[in-house]
$ cat data.txt   # compact mmCIF, C-alpha atoms
# COMPACT_ATOMS: atom_id res chain seq x y z
CA MET A 73 0.00 0.00 0.00
CA TYR A 74 1.38 3.38 -1.03
CA ASP A 75 1.83 5.75 1.94
CA GLY A 76 3.41 8.77 0.21
CA SER A 77 6.89 8.10 1.60
CA GLU A 78 8.46 7.25 -1.75
CA ASN A 79 10.08 9.92 -3.91
CA ASP A 80 7.64 10.46 -6.74
CA ASP A 81 8.88 11.37 -10.18
CA MET A 82 7.70 14.97 -10.24
CA ASP A 83 7.97 15.00 -14.03
CA GLU A 84 5.01 12.63 -14.19
CA PRO A 85 1.75 14.56 -14.72
CA LEU A 86 -0.90 14.02 -12.07
CA VAL A 87 -3.69 11.66 -13.14
CA SER A 88 -7.06 11.87 -11.40
CA ILE A 89 -9.10 8.65 -11.31
CA ILE A 90 -12.79 9.14 -10.52
CA VAL A 91 -14.72 6.17 -9.12
CA PRO A 92 -18.50 6.59 -8.68
CA VAL A 93 -19.60 4.25 -5.90
CA TYR A 94 -23.13 3.04 -5.19
CA ASN A 95 -23.80 -0.08 -3.10
CA SER A 96 -20.65 -1.66 -4.49
CA GLY A 97 -19.27 -3.06 -1.23
CA VAL A 98 -18.90 -6.59 -2.59
CA PHE A 99 -16.60 -5.51 -5.45
CA LEU A 100 -15.13 -2.19 -4.32
CA ASP A 101 -11.86 -3.70 -3.07
CA TYR A 102 -11.50 -5.36 -6.47
CA ALA A 103 -11.52 -1.96 -8.18
CA VAL A 104 -9.56 0.15 -5.70
CA GLU A 105 -6.73 -2.37 -5.24
CA SER A 106 -6.20 -2.43 -9.00
CA ILE A 107 -5.92 1.37 -8.99
CA ILE A 108 -3.52 1.84 -6.08
CA ASN A 109 -1.22 -0.90 -7.38
CA GLN A 110 -0.60 0.86 -10.70
CA THR A 111 2.94 1.09 -12.03
CA TYR A 112 2.15 4.78 -12.52
CA VAL A 113 2.40 6.34 -9.04
CA ASN A 114 1.43 10.02 -9.40
CA LEU A 115 -2.31 9.54 -8.93
CA GLU A 116 -5.16 11.07 -7.04
CA VAL A 117 -8.15 8.78 -6.56
CA LEU A 118 -11.58 10.29 -5.96
CA LEU A 119 -14.04 7.79 -4.48
CA VAL A 120 -17.48 9.40 -4.80
CA ASP A 121 -19.98 7.56 -2.61
CA ASP A 122 -23.32 8.29 -4.27
CA GLY A 123 -25.58 7.75 -1.26
CA SER A 124 -24.79 4.06 -0.75
CA THR A 125 -26.87 2.15 1.80
CA ASP A 126 -24.39 -0.71 2.24
CA GLU A 127 -20.84 -0.65 3.59
CA SER A 128 -19.42 1.13 0.50
CA GLY A 129 -19.07 4.51 2.26
CA SER A 130 -17.02 3.11 5.13
CA ILE A 131 -14.81 1.19 2.69
CA CYS A 132 -14.11 4.46 0.86
CA ASP A 133 -13.18 6.15 4.15
CA THR A 134 -10.88 3.28 5.13
CA TYR A 135 -8.96 3.52 1.88
CA ALA A 136 -8.63 7.30 2.25
CA LEU A 137 -7.01 6.78 5.65
CA ARG A 138 -4.62 4.12 4.34
CA ASP A 139 -3.41 5.86 1.16
CA GLY A 140 -2.71 9.59 0.97
CA ARG A 141 -3.59 9.67 -2.74
CA ILE A 142 -7.21 8.71 -2.07
CA GLN A 143 -10.03 11.13 -1.25
CA SER A 144 -13.43 9.93 -0.07
CA TYR A 145 -16.55 11.98 -0.82
CA HIS A 146 -20.13 11.32 0.27
CA ILE A 147 -23.08 12.82 -1.62
CA THR A 148 -26.83 12.28 -1.82
CA ASN A 149 -27.79 9.71 -4.42
CA HIS A 150 -28.21 11.32 -7.86
CA GLY A 151 -26.84 8.65 -10.20
CA VAL A 152 -23.56 7.83 -11.92
CA SER A 153 -23.45 10.93 -14.16
CA TYR A 154 -23.86 13.31 -11.24
CA ALA A 155 -21.18 11.43 -9.26
CA ARG A 156 -18.70 11.62 -12.15
CA ASN A 157 -19.42 15.34 -12.63
CA TYR A 158 -18.88 15.86 -8.90
CA GLY A 159 -15.53 14.12 -9.23
CA LEU A 160 -14.56 16.34 -12.16
CA GLU A 161 -15.32 19.44 -10.07
CA HIS A 162 -12.96 18.26 -7.32
CA ALA A 163 -10.17 16.73 -9.42
CA HIS A 164 -6.76 18.41 -9.76
CA GLY A 165 -5.02 16.19 -12.30
CA GLU A 166 -3.71 17.15 -15.70
CA TYR A 167 -5.39 13.99 -16.95
CA VAL A 168 -8.51 12.18 -15.78
CA GLN A 169 -9.84 8.64 -16.01
CA PHE A 170 -13.03 6.92 -14.88
CA VAL A 171 -13.26 3.49 -13.28
CA ASP A 172 -16.50 1.83 -12.22
CA ALA A 173 -16.61 0.45 -8.70
CA ASP A 174 -16.99 -3.19 -9.69
CA ASP A 175 -14.45 -3.23 -12.54
CA LYS A 176 -10.66 -3.24 -12.49
CA ILE A 177 -7.68 -2.05 -14.50
CA PRO A 178 -4.39 -3.86 -15.27
CA GLU A 179 -1.36 -2.61 -13.38
CA ASN A 180 0.09 -0.88 -16.48
CA PHE A 181 -3.20 0.76 -17.47
CA VAL A 182 -2.45 4.37 -16.54
CA GLU A 183 1.20 4.20 -17.59
CA VAL A 184 0.40 2.92 -21.09
CA LEU A 185 -2.26 5.56 -21.75
CA VAL A 186 -0.15 8.46 -20.42
CA LYS A 187 2.79 7.37 -22.56
CA SER A 188 0.55 7.20 -25.63
CA ILE A 189 -0.72 10.77 -25.18
CA ILE A 190 2.79 12.13 -24.61
CA LYS A 191 4.41 10.16 -27.44
CA GLU A 192 1.71 10.88 -30.02
CA ASN A 193 0.90 14.39 -28.73
CA SER A 194 -2.75 13.31 -28.73
CA ASP A 195 -5.67 14.80 -26.82
CA VAL A 196 -7.06 11.46 -25.65
CA ALA A 197 -5.91 7.84 -25.58
CA PHE A 198 -8.30 4.89 -25.78
CA CYS A 199 -7.75 1.19 -25.12
CA GLY A 200 -9.71 -2.02 -25.69
CA VAL A 201 -11.86 -3.99 -23.28
CA ALA A 202 -11.90 -7.37 -21.58
CA ARG A 203 -15.33 -8.58 -20.50
CA ILE A 204 -15.44 -10.99 -17.58
CA TYR A 205 -18.58 -13.11 -17.37
CA GLU A 206 -19.52 -15.55 -14.62
CA ASP A 207 -18.19 -18.51 -16.60
CA SER A 208 -16.17 -17.00 -19.46
CA GLU A 209 -14.38 -13.93 -20.74
CA SER A 210 -13.80 -12.11 -24.02
CA MET A 211 -11.03 -9.78 -25.13
CA ASN A 212 -11.16 -6.94 -27.62
CA ARG A 213 -7.87 -5.10 -28.07
CA LEU A 214 -7.30 -2.03 -30.18
CA GLU A 215 -4.35 -1.37 -32.45
CA ASN A 216 -1.60 1.16 -31.78
CA ARG A 217 -2.92 3.92 -34.03
CA VAL A 218 -3.46 7.64 -34.32
CA TYR A 219 -6.78 8.99 -35.62
CA SER A 220 -8.22 12.26 -36.71
CA THR A 221 -11.70 12.91 -35.33
CA GLU A 222 -13.27 11.85 -38.63
CA ARG A 223 -11.30 8.59 -38.87
CA TYR A 224 -12.08 7.76 -35.24
CA LEU A 225 -15.82 8.22 -35.86
CA LYS A 226 -15.61 6.04 -38.96
CA ALA A 227 -13.87 3.28 -36.98
CA LEU A 228 -16.48 3.60 -34.25
CA TYR A 229 -19.44 3.18 -36.58
CA GLU A 230 -17.74 0.34 -38.43
CA GLY A 231 -17.29 -1.52 -35.14
CA ARG A 232 -13.48 -1.53 -35.18
CA ILE A 233 -13.70 0.45 -31.93
CA SER A 234 -16.07 -1.61 -29.83
CA THR A 235 -17.28 0.75 -27.12
CA THR A 236 -17.99 4.37 -26.28
CA SER A 237 -17.52 3.79 -22.56
CA SER A 238 -15.81 6.71 -20.85
CA CYS A 239 -13.80 4.19 -18.82
CA VAL A 240 -11.54 3.15 -21.71
CA GLY A 241 -10.01 6.62 -22.16
CA LEU A 242 -7.50 8.99 -20.62
CA TYR A 243 -8.65 12.60 -21.06
CA LYS A 244 -7.07 16.03 -20.70
CA MET A 245 -8.69 18.00 -17.91
CA LYS A 246 -8.08 21.29 -19.72
CA ILE A 247 -10.24 20.24 -22.67
CA ILE A 248 -13.02 19.15 -20.29
CA HIS A 249 -12.92 22.40 -18.31
CA ASP A 250 -12.45 24.77 -21.25
CA ASN A 251 -15.44 23.28 -23.09
CA ARG A 252 -17.57 22.57 -20.01
CA ILE A 253 -17.98 18.90 -20.91
CA LYS A 254 -20.15 16.97 -18.47
CA PHE A 255 -22.04 13.71 -18.22
CA PRO A 256 -25.78 14.25 -18.92
CA VAL A 257 -27.64 13.67 -15.65
CA GLU A 258 -30.99 13.45 -17.45
CA LEU A 259 -30.11 10.10 -19.06
CA SER A 260 -30.49 6.66 -17.49
CA CYS A 261 -28.29 5.05 -20.16
CA GLY A 262 -26.00 6.20 -22.96
CA GLU A 263 -24.39 8.92 -20.85
CA ASP A 264 -20.91 7.58 -21.64
CA ALA A 265 -21.38 7.91 -25.38
CA VAL A 266 -22.62 11.48 -25.01
CA PHE A 267 -19.56 12.43 -22.92
CA VAL A 268 -17.06 10.72 -25.23
CA LEU A 269 -18.57 12.17 -28.41
CA GLU A 270 -18.65 15.66 -26.91
CA TYR A 271 -15.00 15.31 -25.90
CA VAL A 272 -13.90 13.94 -29.29
CA LYS A 273 -15.47 16.99 -30.93
CA TYR A 274 -12.66 19.10 -29.41
CA ALA A 275 -9.83 16.59 -29.91
CA GLN A 276 -7.36 17.30 -32.70
CA LYS A 277 -5.66 13.93 -32.45
CA ILE A 278 -6.80 10.62 -30.91
CA SER A 279 -4.53 7.70 -30.10
CA SER A 280 -5.38 4.08 -29.37
CA VAL A 281 -3.21 1.48 -27.64
CA GLU A 282 -2.82 -2.27 -27.91
CA ASP A 283 -0.89 -2.92 -24.71
CA THR A 284 -3.66 -2.63 -22.09
CA VAL A 285 -7.41 -3.13 -21.68
CA TYR A 286 -10.15 -2.06 -19.31
CA ILE A 287 -11.65 -5.01 -17.44
CA TYR A 288 -15.45 -5.04 -17.17
CA ARG A 289 -17.46 -7.28 -14.90
CA GLN A 290 -20.57 -8.36 -16.80
CA ASP A 291 -22.67 -9.96 -14.05
CA ARG A 292 -23.62 -6.79 -12.20
CA ASN A 293 -27.24 -6.67 -11.04
CA PHE A 294 -27.75 -3.14 -12.33
CA SER A 295 -26.41 -3.88 -15.79
CA ALA A 296 -28.11 -1.93 -18.56
CA THR A 297 -28.48 -5.23 -20.45
CA LYS A 298 -31.34 -6.07 -18.08
CA HIS A 299 -33.47 -3.36 -19.67
CA ILE A 300 -34.93 -2.59 -23.07
CA HIS A 301 -34.59 1.13 -23.64
CA TYR A 302 -37.41 1.50 -26.13
CA ASP A 303 -36.52 5.09 -27.10
CA HIS A 304 -32.79 4.51 -27.51
CA TYR A 305 -33.15 5.42 -31.19
CA GLN A 306 -33.44 9.04 -30.05
CA LEU A 307 -29.92 8.96 -28.61
CA GLU A 308 -28.52 7.33 -31.74
CA GLN A 309 -30.26 9.93 -33.88
CA LYS A 310 -28.85 12.76 -31.78
CA ARG A 311 -25.38 11.23 -31.95
CA TYR A 312 -25.58 10.94 -35.74
CA ASN A 313 -26.82 14.51 -36.08
CA ASP A 314 -23.84 15.67 -33.99
CA VAL A 315 -21.46 13.56 -36.08
CA CYS A 316 -22.80 15.11 -39.30
CA GLY A 317 -21.58 18.45 -37.98
CA MET A 318 -18.11 17.06 -37.23
CA VAL A 319 -17.28 15.21 -40.46
CA GLU A 320 -16.32 17.13 -43.59
CA ASP A 321 -15.01 14.25 -45.72
CA LYS A 322 -18.02 13.20 -47.82
CA ASN A 323 -16.75 9.65 -48.35
CA VAL A 324 -16.30 9.14 -44.60
CA LEU A 325 -19.75 10.59 -43.95
CA LYS A 326 -21.29 8.19 -46.49
CA LEU A 327 -19.76 5.21 -44.70
CA ILE A 328 -20.87 6.47 -41.30
CA SER A 329 -24.36 7.09 -42.69
CA PHE A 330 -24.61 3.52 -43.94
CA TRP A 331 -23.65 2.02 -40.57
CA TYR A 332 -25.94 4.43 -38.74
CA MET A 333 -28.97 3.54 -40.84
CA ASP A 334 -28.22 -0.17 -40.47
CA MET A 335 -28.23 0.26 -36.68
CA ILE A 336 -31.14 2.69 -36.38
CA ILE A 337 -33.54 0.33 -38.17
CA ARG A 338 -33.13 -2.19 -35.34
CA GLU A 339 -33.64 0.57 -32.79
CA LEU A 340 -36.85 1.62 -34.55
CA VAL A 341 -38.13 -1.97 -34.40
CA LEU A 342 -37.56 -1.96 -30.63
CA TYR A 343 -39.30 1.39 -30.30
CA THR A 344 -42.36 0.41 -32.31
CA LYS A 345 -42.76 -2.93 -30.51
CA TYR A 346 -42.10 -1.84 -26.92
CA ALA A 347 -42.92 1.87 -26.57
CA PRO A 348 -45.68 2.31 -23.93
CA GLU A 349 -47.21 5.00 -26.13
CA SER A 350 -50.29 5.20 -28.29
CA ARG A 351 -50.18 4.19 -31.93
CA GLN A 352 -50.82 7.81 -32.84
CA GLU A 353 -47.83 9.03 -30.78
CA ILE A 354 -45.52 6.38 -32.23
CA LYS A 355 -46.53 7.37 -35.74
CA ARG A 356 -45.99 11.02 -34.91
CA LYS A 357 -42.41 10.31 -33.84
CA LEU A 358 -41.77 8.08 -36.85
CA LYS A 359 -42.95 10.94 -39.07
CA ALA A 360 -40.50 13.29 -37.34
CA PHE A 361 -37.73 10.74 -37.87
CA VAL A 362 -38.29 10.18 -41.60
CA SER A 363 -38.73 13.94 -42.17
CA ASP A 364 -35.39 14.81 -40.56
CA SER A 365 -32.91 16.15 -43.10
CA ASN A 366 -30.10 13.93 -41.85
CA THR A 367 -32.33 10.86 -42.06
CA LYS A 368 -32.98 11.71 -45.71
CA MET A 369 -29.22 11.92 -46.30
CA ALA A 370 -28.46 8.69 -44.43
CA ILE A 371 -31.09 6.61 -46.23
CA ARG A 372 -29.59 7.65 -49.58
CA CYS A 373 -26.32 6.06 -48.44
CA TYR A 374 -27.95 2.82 -47.31
CA HIS A 375 -28.16 -0.47 -49.17
CA ARG A 376 -29.25 -3.88 -47.94
CA SER A 377 -26.00 -5.75 -47.24
CA ASN A 378 -27.57 -9.03 -46.10
CA PRO A 379 -30.63 -10.93 -47.41
CA ALA A 380 -31.83 -11.35 -43.82
CA LYS A 381 -32.23 -7.60 -43.49
CA SER A 382 -35.50 -5.96 -44.44
CA TYR A 383 -35.92 -4.78 -48.01
CA TRP A 384 -39.12 -2.77 -47.48
CA ILE A 385 -38.31 -0.87 -44.26
CA PRO A 386 -35.62 1.25 -46.00
CA VAL A 387 -38.06 1.79 -48.86
CA ALA A 388 -40.70 3.08 -46.43
CA ILE A 389 -38.15 5.43 -44.84
CA ARG A 390 -37.01 6.66 -48.24
CA LEU A 391 -40.61 7.30 -49.33
CA ARG A 392 -41.46 8.77 -45.90
CA CYS A 393 -44.52 6.53 -45.78
CA VAL A 394 -45.23 6.42 -42.05
CA SER A 395 -48.18 3.98 -42.07
CA MET A 396 -46.20 1.49 -44.14
CA LEU A 397 -43.15 1.94 -41.92
CA TYR A 398 -45.18 1.42 -38.74
CA PHE A 399 -46.72 -1.78 -40.15
CA LEU A 400 -43.35 -3.19 -41.25
CA LEU A 401 -41.58 -2.35 -37.99
CA LYS A 402 -44.40 -3.89 -35.97
CA ARG A 403 -44.17 -7.14 -37.91
CA ARG A 404 -40.39 -7.38 -37.88
CA LYS A 405 -39.01 -10.17 -35.68
CA ILE A 406 -36.21 -9.35 -33.27
CA ARG A 407 -34.37 -11.40 -30.69
CA ILE A 408 -34.46 -10.04 -27.16
CA ASN A 409 -34.50 -11.42 -23.64
CA GLU A 410 -38.16 -11.45 -22.66
CA GLN A 411 -37.15 -11.09 -18.99
CA GLN A 412 -35.81 -7.60 -19.65
CA SER A 413 -37.85 -4.71 -18.32
CA VAL A 414 -38.89 -1.83 -20.57
CA LYS A 415 -37.46 1.59 -19.67
CA SER A 416 -36.87 4.99 -21.18
CA VAL A 417 -33.39 6.38 -21.73
CA TRP A 418 -34.50 9.48 -19.85
CA ASN A 419 -34.49 9.66 -16.06

$ encode --input "data.txt" --output "structure tokens"
Amino acid sequence: MYDGSENDDMDEPLVSIIVPVYNSGVFLDYAVESIINQTYVNLEVLLVDDGSTDESGSICDTYALRDGRIQSYHITNHGVSYARNYGLEHAHGEYVQFVDADDKIPENFVEVLVKSIIKENSDVAFCGVARIYEDSESMNRLENRVYSTERYLKALYEGRISTTSSCVGLYKMKIIHDNRIKFPVELSCGEDAVFVLEYVKYAQKISSVEDTVYIYRQDRNFSATKHIHYDHYQLEQKRYNDVCGMVEDKNVLKLISFWYMDMIIRELVLYTKYAPESRQEIKRKLKAFVSDSNTKMAIRCYHRSNPAKSYWIPVAIRLRCVSMLYFLLKRRKIRINEQQSVKSVWN
């Protein structure tokens, strides 16, 4: 356990690691131990107890007493976005990272990402992910690469970058503060993607690394996979509209538009099947979707790439025929876990 008695390398920039904590007592040691045992020493760790009702708060306090780099905060429960924003307001590092309270990071995690930013003179460094299930695990590593904003967005929509989790990146605090970037507290899911996309908007250069991964636990009780967010298409539409304002290369935008439309069709099926709204309201929102100028552009870039995909749904979108679209979406089969509960993306 680090006690502050060692001579730190003062040339190392300070890295703030923000950990939102809510009823995570069972796994909290798992996360914090992985942080304090990093090969990179110049850290400050902000444990933000978001109104926990288990032993999480006392665990945070114990770690703060044992390691001078750790600060323990206790706030009223407002959710993960509020807790992360609270951490950002109290962080002092040149760089910042986010770790969830039941995940962990490899011992070289911080060191590898800091070195990537310094070596490549990038504004953010991303890594891949390892997902740990109850009986298995999967690994998705990135390549050592440098991206422009446009090329990063293209890789994201193509699936070569597998997540928009805020936890897989190392960010510059100056960019966050100068542009007032925050996590949206009004969302119950998708807040990571909003934060990352907003940050990338201001990044001139983005690096990715092969030599480390973020380690997710996938058996958490509050996992978003236990819910169907019937109106998630609205977040994807907003993200695409934002991306359209960030990409100037027409060929890149065409590719992004194809992948977006391929994805949004599935989201529209979920919406039409599971929205607890009247048929009239669903049709009203479908009309707004097909009438959107960026939807019109995206559908022009779309072609059916697989015989299993619908032929007529894109036709209905292209013709802006709402009744036809509603009928086709309603009939479309989709595989989901019937035990999932139906929720909105909005708190």

$ residues_around --input "data.txt" --residues "region 179-192 of chain A" --least-positions-apart "6" --cutoff "6 Å" --atoms "only C-alpha atoms" --output "compact mmCIF listing (two decimals) with C-alpha atoms, in the coordinates of the input"
# COMPACT_ATOMS: atom_id res chain seq x y z
CA GLN A 110 -0.60 0.86 -10.70
CA THR A 111 2.94 1.09 -12.03
CA TYR A 112 2.15 4.78 -12.52
CA THR A 284 -3.66 -2.63 -22.09

$ residues_around --input "data.txt" --residues "region 232-236 of chain A" --least-positions-apart "3" --cutoff "6 Å" --atoms "only C-alpha atoms" --output "list in words"
Ala227, Leu228 and Ala265 of chain A

$ atom_distance --input "data.txt" --atom1 "CA of Thr134 (chain A)" --atom2 "CA of Gly97 (chain A)"
12.3 Å

$ residues_around --input "data.txt" --residues "region 347-357 of chain A" --least-positions-apart "5" --cutoff "7 Å" --atoms "all atoms listed in the file" --output "PyMOL selection string"
chain A and resi 302+394+398

$ closest_residue --input "data.txt" --among "A:Val218, A:Cys199, A:Val87, A:Val117" --to "Glu166 (chain A)" --atoms "only C-alpha atoms"
A:Val87

$ atom_distance --input "data.txt" --atom1 "CA of Tyr154 (chain A)" --atom2 "CA of Glu258 (chain A)"
9.5 Å

$ residues_around --input "data.txt" --residues "Ile371 (chain A)" --least-positions-apart "2" --cutoff "10 Å" --atoms "all atoms listed in the file" --output "ChimeraX atom specification"
/A:326,329-330,332-334,362,366-369,373-375,386-387,389-390

$ residues_around --input "data.txt" --residues "Lys345 (chain A)" --least-positions-apart "2" --cutoff "9 Å" --atoms "all atoms listed in the file" --output "PyMOL selection string"
chain A and resi 302+340-343+347-348+401-404

$ closest_atom_pairs --input "data.txt" --of "region 203-243 of chain A" --to "region 155-163 of chain A" --cutoff "12 Å" --atoms "only C-alpha atoms" --output "Markdown table"
| residue | atom | partner | partner_atom | distance |
| --- | --- | --- | --- | --- |
| A:Ser238 | CA | A:Arg156 | CA | 10.4 |
| A:Cys239 | CA | A:Arg156 | CA | 11.1 |
| A:Tyr243 | CA | A:Leu160 | CA | 11.3 |

$ write_last_selection --input "data.txt" --atoms "C-alpha atoms" --output "compact mmCIF listing (two decimals), in the frame of the given file"
# COMPACT_ATOMS: atom_id res chain seq x y z
CA SER A 238 -15.81 6.71 -20.85
CA CYS A 239 -13.80 4.19 -18.82
CA TYR A 243 -8.65 12.60 -21.06
